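Trainee: Shown below is the structure under consideration.
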Amino acid sequence: MSQHGVGPRAVSRSVAFLLTAGVLAVPALAGCGSEDPAGKPLAGQDIQPAPRDRITDGGTLRWAVDSVPDTLNIFQSDADATTTRVAQAVLPSMFRMNAEGRPEANPAYLESAKVVETEPKQVVLYKLDQQAVWSDGREIGAADFAAQWRALSGHDTAYWTARNAGYDRIQKIERGDNALEVRVTFSRPYADWRSLFSPLYPKDVMGTPDSFNDGARKKLKVTAGPFMVKKLSRKDEQITLTRNPRWWGRPAKLSEIVLRTVPREKRAKELAAGTLDLAEIAPSEARRITVAARPRGSSSPVMGPEADQKPRKAADKHARQQQALRGFEVRKSLEPAFTQLALNGAEGPLADERVRRAVARALDRKELAKAVLKPLGLPAVPVGSHLALSGQAAYADNSGALGGQDTKEAQALLADAGWVRGGPIKEQKKKGEKAAGAEGEKAGKSSEGESGKDDGEYIVGSDDKDRQDGKAHRDNDPAHLAQDGKQYKQPHQGGAPGAYAPMGTAAPAGREAAPLAKNGKPLTLRFVLPSGPGSQTLRTVADRIARMLERVGIGTEISKVSDESYFKDHIASGQYDLALYSWPASAFPATDARPVYAKPVPAADGSLNVEQNYTRVGTDQVDQLFDQAVATLDEGESRSLIRKADSRIWASAGSIPLFQRPQLIAARKNLVNTGAFGLGTPVYEDMGFLKKGAKPASGPSAKGSATATP
């Protein structure tokens, strides 16, 4: 689900920043022709659509989530994915995302919204639905818009806000010709005005710092969606949403939605026990459900090859669970987020743009996408943009600005940077030494001090324990490739949704080429990955990246760290050379993506303000293109500027988009209008259970299941 981001926060840390700007020829953009370079989403929604007249009136949807959020205020820094889910169900949004990830006016709240003046100032006129009221009976109106603007404008520091992007450009908000009209006047042109007031909180929440900071953390007394918050229980780890009796739109089909915290590794068990109806799951669970759903008498085994070795009792329990899982199916799509390889350009070898470009040219992105997505039956296409996904308006494949996999070109770039194959290497310390280009922690700390087990650092080519105990072979199984989707909270959030790390680690082994050296030091990069539960899911991805790099003479030193410290102590603070994590895509990249790629600048205290640019790579030109894109009201020109910015981001090689994240949802077969939403926003009032004997609608998204791998 697309989600609006949160405002820039500085990462307070002193970093010696060095960047080789480099003047690069950027190829002509694909948008020059008649064909729209944005294309279509690589995978559509898979939600088992059904008309409302075939859906039962009533019922409770039990939906697994990763956490009960610390706050129900999406504009606070500790908001998470569940905060967003609740806000979508209970609060107004002037715009929501369609199946292509593009904003469209929400007819439940708006009759229209458009720019009515551009000179001397930009003015947007919102015409609200005549029946739109808060759950306390008060009409939604200009007072609510104005309260949210004042809270998020950044002018009053008593509000503990995590974002002000866009709201800081508003000059005034006033009532229009009647109570249903809201006029918003901007001090500066703002292309992404559709990103604002989605969601819209009541003035009861936004009106004072106290109500903003604390009032909406544990409850929302006043709402205006098809559902309202009935109860939030941290003890039971669940949030109960119930029908809003004052809802004026199409009545919600469900009586209640219960969002309950269920660890991902326990979800298959709870689905089988009948205590869940809907849950995001890992590929291994997706295969179990797919196998269970096959017709009786299928030659495919219900259990894995290890089944004969299980105790009889455990085998019977597994068989009963498989029988219970026959009532579910897997709905699959691609998340509005992409996994990237991040290259820390603050110091060391990766401060040299030539080395970063060599790393990028060593990667076969098609192979990596195929390894992750093909076993799941999803389109194995590399992501071609940092700023949008296929189907979104700003998308164009600009990867040509950097170039594809080319071993000879990578080697030439390294040679030009002074790295010599087989050059003399001074004796290095075995333990406690920083990896080249990283202010890293000692190996002992990262392994036993954080994760509690011996999973710290090793260098590609060493005789690591994974090879000795046979794990390396197991980790090449495609079953371990896709991400589990676990989200990592960030200590510092900027104008885009928080980055979250795909779980994974690597156990590369064997040398195919002599290492490169310069000034007596080998070219070895510290590859930092999380090590918690589910970390094996990107093990082979990291392994393949390491092997690709080794072919051109670049060594990798794998460092596995605890999930809790991954962003706080490593990514945000710059303690890494290479890392795998993901960014959500935004329909408003001029606003939301700018802090992710903005050029770091020195702060007053001497530290480096990187906002959300954890690679520390940026240029003045990219910043200027973002500034121009957000300030033009010509949508075509704004898209063109965004695509130019993306080309230059590719050329600087600070991060390399790899593939769109898989989205696998286990859903009860008779549950309709929900599942894998892809780029779109859920429509909560249409979710429900089919009437007995009713059939869902036919069509490409009417049914979906994950492909089981042999």
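Residues are referred to by chain and number: the chain letter is A, B, ... according to the order shown in the structure tokens, the number counts from 1 in that chain, and ligands are numbered separately from 1 in the order shown.
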Please return, as number ranges by chain, all residues of range 489-697 of chain A that DSSP assigns to helix (DSSP H, G or I) on the basis of the backbone.
Mentor: A: 535-551, 563-571, 589-592, 594-597, 620-631, 635-652, 684-686
Trainee: Might you pull out every residue within 8 Å of Asn344 in chain A, with only C-alpha atoms counted and same-chain residues fewer than 3 positions away left off, and present them as an mmCIF file with N, CA and C atoms, in the first residue's frame?
Mentor:
data_model
loop_
_atom_site.group_PDB
_atom_site.id
_atom_site.type_symbol
_atom_site.label_atom_id
_atom_site.label_comp_id
_atom_site.auth_asym_id
_atom_site.auth_seq_id
_atom_site.Cartn_x
_atom_site.Cartn_y
_atom_site.Cartn_z
ATOM 1 N N GLU A 347 32.977 7.441 2.636
ATOM 2 C CA GLU A 347 34.434 7.334 2.785
ATOM 3 C C GLU A 347 34.895 5.979 2.271
ATOM 4 N N LEU A 350 34.373 3.252 -1.655
ATOM 5 C CA LEU A 350 33.108 3.620 -2.302
ATOM 6 C C LEU A 350 32.884 5.126 -2.351
ATOM 7 N N ALA A 351 33.762 5.900 -1.744
ATOM 8 C CA ALA A 351 33.700 7.353 -1.930
ATOM 9 C C ALA A 351 34.108 7.722 -3.352
ATOM 10 N N GLY A 437 36.473 1.302 3.925
ATOM 11 C CA GLY A 437 35.358 2.186 3.633
ATOM 12 C C GLY A 437 34.277 2.193 4.675
ATOM 13 N N GLY A 574 25.810 4.993 9.213
ATOM 14 C CA GLY A 574 26.858 4.842 8.202
ATOM 15 C C GLY A 574 27.883 3.774 8.490
ATOM 16 N N TYR A 576 28.616 0.780 7.475
ATOM 17 C CA TYR A 576 28.529 -0.285 6.479
ATOM 18 C C TYR A 576 29.172 0.202 5.185
ATOM 19 N N ASP A 577 29.494 -0.731 4.309
ATOM 20 C CA ASP A 577 29.865 -0.415 2.932
ATOM 21 C C ASP A 577 28.723 -0.787 1.985
ATOM 22 N N LEU A 578 28.245 -2.028 2.122
ATOM 23 C CA LEU A 578 27.142 -2.531 1.310
ATOM 24 C C LEU A 578 26.027 -2.991 2.239
ATOM 25 N N TYR A 614 20.920 7.519 3.274
ATOM 26 C CA TYR A 614 21.845 6.695 4.044
ATOM 27 C C TYR A 614 23.050 6.236 3.239
ATOM 28 N N THR A 615 23.035 6.445 1.930
ATOM 29 C CA THR A 615 24.219 6.125 1.130
ATOM 30 C C THR A 615 25.206 7.282 1.109
ATOM 31 N N ARG A 616 24.762 8.459 1.561
ATOM 32 C CA ARG A 616 25.600 9.663 1.617
ATOM 33 C C ARG A 616 26.084 10.098 0.239
ATOM 34 N N VAL A 617 25.382 9.723 -0.812
ATOM 35 C CA VAL A 617 25.738 10.095 -2.176
ATOM 36 C C VAL A 617 24.664 11.031 -2.711
ATOM 37 N N GLY A 654 24.849 5.436 -6.122
ATOM 38 C CA GLY A 654 24.799 5.341 -4.669
ATOM 39 C C GLY A 654 23.949 4.175 -4.197
#
Trainee: Counting only C-alpha atoms, which residue out of A:Ala38, A:Leu608, A:Ile545, A:Val68 sits closest to Lys235 in chain A?
Mentor: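 That would be A:Val68, the residue with the smallest distance to Lys235 in chain A.
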Trainee: I'd like to know which of A:Ala252, A:Pro595, A:Leu334, A:Gly418 is closest to Asp352 in chain A, using only C-alpha atoms.
Mentor: A:Gly418
Trainee: What's around Met687 in chain A at 9 Å? Count only C-alpha atoms, leave out sequence neighbours fewer than 5 positions away in its own chain, and write the answer as JSON, numbers by chain.
Mentor: {"A": [52, 55, 61, 252, 253, 254, 671, 672, 673, 674, 682]}
Trainee: For the selection you just gave me, I'd like the residues written to a file as a compact mmCIF listing (two decimals), in the first residue's frame, keeping C-alpha atoms.
Mentor:
# COMPACT_ATOMS: atom_id res chain seq x y z
CA ARG A 52 -21.37 -6.30 -3.12
CA ILE A 55 -21.30 -10.59 -0.03
CA LEU A 61 -12.29 -10.39 9.55
CA ALA A 252 -19.26 -1.70 5.32
CA LYS A 253 -20.03 -5.36 4.65
CA LEU A 254 -18.02 -6.58 7.64
CA LEU A 671 -13.06 -13.88 1.64
CA VAL A 672 -13.39 -11.34 -1.18
CA ASN A 673 -12.19 -7.88 -2.19
CA THR A 674 -9.04 -8.23 -0.14
CA PRO A 682 -7.67 -1.16 0.01
Trainee: Of the candidates A:Gln660, A:Ala676, A:His386, A:Lys695, which shows the shortest atom-to-atom distance to Ala645 in chain A, using only C-alpha atoms?
Mentor: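 With only C-alpha atoms as the atom set, the closest residue is A:His386.
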Trainee: Ala393 in chain A: which residues within 12 Å, counting only C-alpha atoms, same-chain residues fewer than 2 positions away excluded, as a PyMOL selection string?
Mentor: chain A and resi 31+36-41+97-98+100-103+385+387-391+395-396+585-589+635-640+642-643
Trainee: If you count only C-alpha atoms, which residues fall within 7 Å of range 132-147 of chain A, apart from same-chain ones fewer than 5 positions away, as a PyMOL selection string?
Mentor: chain A and resi 109+173-175+179-180+182+202-203+206-207+222-224+246+248
Trainee: Counting only C-alpha atoms, which residues in range 552-617 of chain A sit no more than 10 Å from range 523-526 of chain A? For each one, give the nearest pair of atoms and the distance in Å, sorted by chain then residue number, as a tab-separated table.
Mentor:
residue	atom	partner	partner_atom	distance
A:Gly553	CA	A:Leu523	CA	7.6
A:Ile554	CA	A:Leu523	CA	5.6
A:Gly555	CA	A:Thr524	CA	4.3
A:Thr556	CA	A:Leu525	CA	4.8
A:Glu557	CA	A:Arg526	CA	4.7
A:Ile558	CA	A:Arg526	CA	6.0
A:Ser559	CA	A:Arg526	CA	6.8
A:Gln575	CA	A:Arg526	CA	8.9
A:Tyr576	CA	A:Arg526	CA	5.9
A:Asp577	CA	A:Arg526	CA	5.0
A:Leu578	CA	A:Arg526	CA	6.1
A:Ala579	CA	A:Arg526	CA	8.5
Trainee: Closest to Asn106 in chain A among A:Gln122, A:Thr632, A:Gln321, A:Gln88, using only C-alpha atoms?
Mentor: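 Closest residue, counting only C-alpha atoms: A:Gln88.
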Trainee: Work out how far apart CA of Phe626 in chain A and CA of Ser195 in chain A are and give it in Å to one decimal.
Mentor: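 Taking CA of Phe626 in chain A as the start and CA of Ser195 in chain A as the end point, the length is 15.9 Å.
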Trainee: Of the residues A:Leu402, A:Ala410, A:Val541, A:Leu110, which is the one nearest to Ser198 in chain A, using only C-alpha atoms?
Mentor: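 With only C-alpha atoms as the atom set, the closest residue is A:Leu110.
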Trainee: By how many Å are CA of Thr208 in chain A and CA of Tyr159 in chain A apart?
Mentor: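 Straight-line distance from CA of Thr208 in chain A to CA of Tyr159 in chain A works out to 8.0 Å.
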Trainee: Please determine, counting only C-alpha atoms, which residue among A:Ala653, A:Val630, A:Ala282, A:Ile571 has the shortest atom-to-atom distance to Leu376 in chain A.
Mentor: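 When distances to Leu376 in chain A are compared using only C-alpha atoms, the smallest one comes from A:Ala282.
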Trainee: Within range 25-84 of chain A, find each residue whose DSSP state, derived from the backbone, is strand (DSSP E), and express the selection as a PyMOL selection string.
Mentor: chain A and resi 60-65
Trainee: Please produce an output containing all heavy atoms for each residue in the selection, written as a JSON list (two decimals), in the first residue's frame.
Mentor:
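Wrote it out as out_14.json, contents follow:
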[["chain", "number", "residue", "atom", "x", "y", "z"],
["A", 60, "THR", "N", -16.74, -11.10, 10.99],
["A", 60, "THR", "CA", -15.51, -10.52, 11.54],
["A", 60, "THR", "C", -14.32, -11.00, 10.74],
["A", 60, "THR", "O", -14.15, -12.22, 10.55],
["A", 60, "THR", "CB", -15.32, -10.90, 13.02],
["A", 60, "THR", "OG1", -16.41, -10.36, 13.78],
["A", 60, "THR", "CG2", -14.01, -10.35, 13.57],
["A", 61, "LEU", "N", -13.53, -10.08, 10.25],
["A", 61, "LEU", "CA", -12.29, -10.39, 9.55],
["A", 61, "LEU", "C", -11.14, -10.36, 10.54],
["A", 61, "LEU", "O", -10.87, -9.32, 11.16],
["A", 61, "LEU", "CB", -12.05, -9.39, 8.42],
["A", 61, "LEU", "CG", -10.67, -9.44, 7.74],
["A", 61, "LEU", "CD1", -10.41, -10.81, 7.13],
["A", 61, "LEU", "CD2", -10.56, -8.34, 6.68],
["A", 62, "ARG", "N", -10.47, -11.49, 10.71],
["A", 62, "ARG", "CA", -9.32, -11.60, 11.62],
["A", 62, "ARG", "C", -8.04, -11.52, 10.78],
["A", 62, "ARG", "O", -7.75, -12.43, 10.02],
["A", 62, "ARG", "CB", -9.41, -12.89, 12.42],
["A", 62, "ARG", "CG", -10.67, -12.96, 13.30],
["A", 62, "ARG", "CD", -10.97, -14.36, 13.75],
["A", 62, "ARG", "NE", -11.23, -15.25, 12.62],
["A", 62, "ARG", "CZ", -11.48, -16.56, 12.73],
["A", 62, "ARG", "NH1", -11.53, -17.12, 13.93],
["A", 62, "ARG", "NH2", -11.70, -17.29, 11.66],
["A", 63, "TRP", "N", -7.31, -10.45, 10.97],
["A", 63, "TRP", "CA", -6.22, -10.08, 10.06],
["A", 63, "TRP", "C", -4.92, -9.99, 10.86],
["A", 63, "TRP", "O", -4.83, -9.23, 11.83],
["A", 63, "TRP", "CB", -6.58, -8.72, 9.45],
["A", 63, "TRP", "CG", -5.81, -8.29, 8.25],
["A", 63, "TRP", "CD1", -4.62, -8.77, 7.80],
["A", 63, "TRP", "CD2", -6.20, -7.25, 7.34],
["A", 63, "TRP", "NE1", -4.24, -8.11, 6.66],
["A", 63, "TRP", "CE2", -5.19, -7.18, 6.36],
["A", 63, "TRP", "CE3", -7.29, -6.40, 7.27],
["A", 63, "TRP", "CZ2", -5.25, -6.25, 5.32],
["A", 63, "TRP", "CZ3", -7.35, -5.48, 6.23],
["A", 63, "TRP", "CH2", -6.34, -5.41, 5.26],
["A", 64, "ALA", "N", -3.92, -10.74, 10.47],
["A", 64, "ALA", "CA", -2.63, -10.73, 11.17],
["A", 64, "ALA", "C", -1.83, -9.49, 10.80],
["A", 64, "ALA", "O", -1.76, -9.11, 9.63],
["A", 64, "ALA", "CB", -1.83, -11.98, 10.82],
["A", 65, "VAL", "N", -1.22, -8.85, 11.80],
["A", 65, "VAL", "CA", -0.34, -7.71, 11.57],
["A", 65, "VAL", "C", 0.96, -7.95, 12.31],
["A", 65, "VAL", "O", 1.06, -8.85, 13.16],
["A", 65, "VAL", "CB", -0.98, -6.38, 12.04],
["A", 65, "VAL", "CG1", -2.21, -6.05, 11.20],
["A", 65, "VAL", "CG2", -1.36, -6.44, 13.52]]
Trainee: Quick one: residues within 7 Å of Asn670 in chain A, only C-alpha atoms counted, chain neighbours fewer than 2 positions away excluded, as a PDB file with all heavy atoms, in the first residue's frame?
Mentor:
ATOM      1  N   ARG A 668      -8.681 -16.743   3.372  1.00  0.00           N
ATOM      2  CA  ARG A 668      -9.746 -17.734   3.328  1.00  0.00           C
ATOM      3  C   ARG A 668     -10.435 -17.650   1.958  1.00  0.00           C
ATOM      4  O   ARG A 668     -10.663 -16.556   1.442  1.00  0.00           O
ATOM      5  CB  ARG A 668     -10.730 -17.467   4.463  1.00  0.00           C
ATOM      6  CG  ARG A 668     -11.591 -18.656   4.815  1.00  0.00           C
ATOM      7  CD  ARG A 668     -12.385 -18.407   6.079  1.00  0.00           C
ATOM      8  NE  ARG A 668     -11.541 -18.346   7.271  1.00  0.00           N
ATOM      9  CZ  ARG A 668     -11.084 -19.406   7.926  1.00  0.00           C
ATOM     10  NH1 ARG A 668     -11.374 -20.629   7.478  1.00  0.00           N
ATOM     11  NH2 ARG A 668     -10.348 -19.267   9.004  1.00  0.00           N
ATOM     12  N   VAL A 672     -13.493 -12.023   0.110  1.00  0.00           N
ATOM     13  CA  VAL A 672     -13.386 -11.337  -1.178  1.00  0.00           C
ATOM     14  C   VAL A 672     -13.022  -9.862  -0.994  1.00  0.00           C
ATOM     15  O   VAL A 672     -13.131  -9.292   0.094  1.00  0.00           O
ATOM     16  CB  VAL A 672     -14.709 -11.450  -1.976  1.00  0.00           C
ATOM     17  CG1 VAL A 672     -14.974 -12.902  -2.351  1.00  0.00           C
ATOM     18  CG2 VAL A 672     -15.880 -10.876  -1.190  1.00  0.00           C
ATOM     19  N   PHE A 689     -17.258 -11.662   3.285  1.00  0.00           N
ATOM     20  CA  PHE A 689     -17.320 -13.087   2.984  1.00  0.00           C
ATOM     21  C   PHE A 689     -18.473 -13.356   2.011  1.00  0.00           C
ATOM     22  O   PHE A 689     -19.562 -12.778   2.140  1.00  0.00           O
ATOM     23  CB  PHE A 689     -17.526 -13.887   4.272  1.00  0.00           C
ATOM     24  CG  PHE A 689     -16.390 -13.771   5.244  1.00  0.00           C
ATOM     25  CD1 PHE A 689     -16.410 -12.807   6.245  1.00  0.00           C
ATOM     26  CD2 PHE A 689     -15.291 -14.610   5.158  1.00  0.00           C
ATOM     27  CE1 PHE A 689     -15.368 -12.686   7.145  1.00  0.00           C
ATOM     28  CE2 PHE A 689     -14.234 -14.503   6.051  1.00  0.00           C
ATOM     29  CZ  PHE A 689     -14.272 -13.532   7.051  1.00  0.00           C
ATOM     30  N   LEU A 690     -18.225 -14.219   1.063  1.00  0.00           N
ATOM     31  CA  LEU A 690     -19.251 -14.564   0.083  1.00  0.00           C
ATOM     32  C   LEU A 690     -20.461 -15.208   0.750  1.00  0.00           C
ATOM     33  O   LEU A 690     -20.324 -15.964   1.723  1.00  0.00           O
ATOM     34  CB  LEU A 690     -18.685 -15.532  -0.959  1.00  0.00           C
ATOM     35  CG  LEU A 690     -17.770 -14.969  -2.045  1.00  0.00           C
ATOM     36  CD1 LEU A 690     -17.167 -16.112  -2.845  1.00  0.00           C
ATOM     37  CD2 LEU A 690     -18.528 -14.012  -2.958  1.00  0.00           C
TER      38      LEU A 690
END
Trainee: Rounded to one decimal, what separation in Å do you get between CA of Gly225 in chain A and CA of Gln131 in chain A?
Mentor: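 Computing the Euclidean distance for CA of Gly225 in chain A and CA of Gln131 in chain A yields 12.2 Å.
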Trainee: Taking 5 positions as the minimum chain separation for residues in the same chain, which residues sit within 10 Å of Thr185 in chain A when counting only C-alpha atoms? Answer as a list in words.
Mentor: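 Returned residues: Val115, Glu117, Thr118, Lys121, Gln122, Val123, Val124, Leu125, Arg169, Ile170, Gln171, Lys172, Ile173 and Glu174 of chain A.
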Trainee: Go ahead and dump the residues you just picked, C-alpha atoms, as a CSV table (one decimal), in the first residue's frame.
Mentor:
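out22.csv was written with the following content:
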chain,number,residue,atom,x,y,z
A,115,VAL,CA,-6.3,24.0,-9.0
A,117,GLU,CA,-5.9,29.7,-9.7
A,118,THR,CA,-2.2,29.9,-10.4
A,121,LYS,CA,-0.8,32.2,-6.0
A,122,GLN,CA,-1.7,28.6,-6.5
A,123,VAL,CA,-5.2,28.0,-5.1
A,124,VAL,CA,-6.8,24.5,-4.7
A,125,LEU,CA,-10.5,24.3,-4.2
A,169,ARG,CA,4.1,25.6,1.4
A,170,ILE,CA,0.6,26.6,2.4
A,171,GLN,CA,-0.1,30.3,3.0
A,172,LYS,CA,-3.6,30.1,4.2
A,173,ILE,CA,-6.8,27.9,4.4
A,174,GLU,CA,-10.2,29.4,4.4
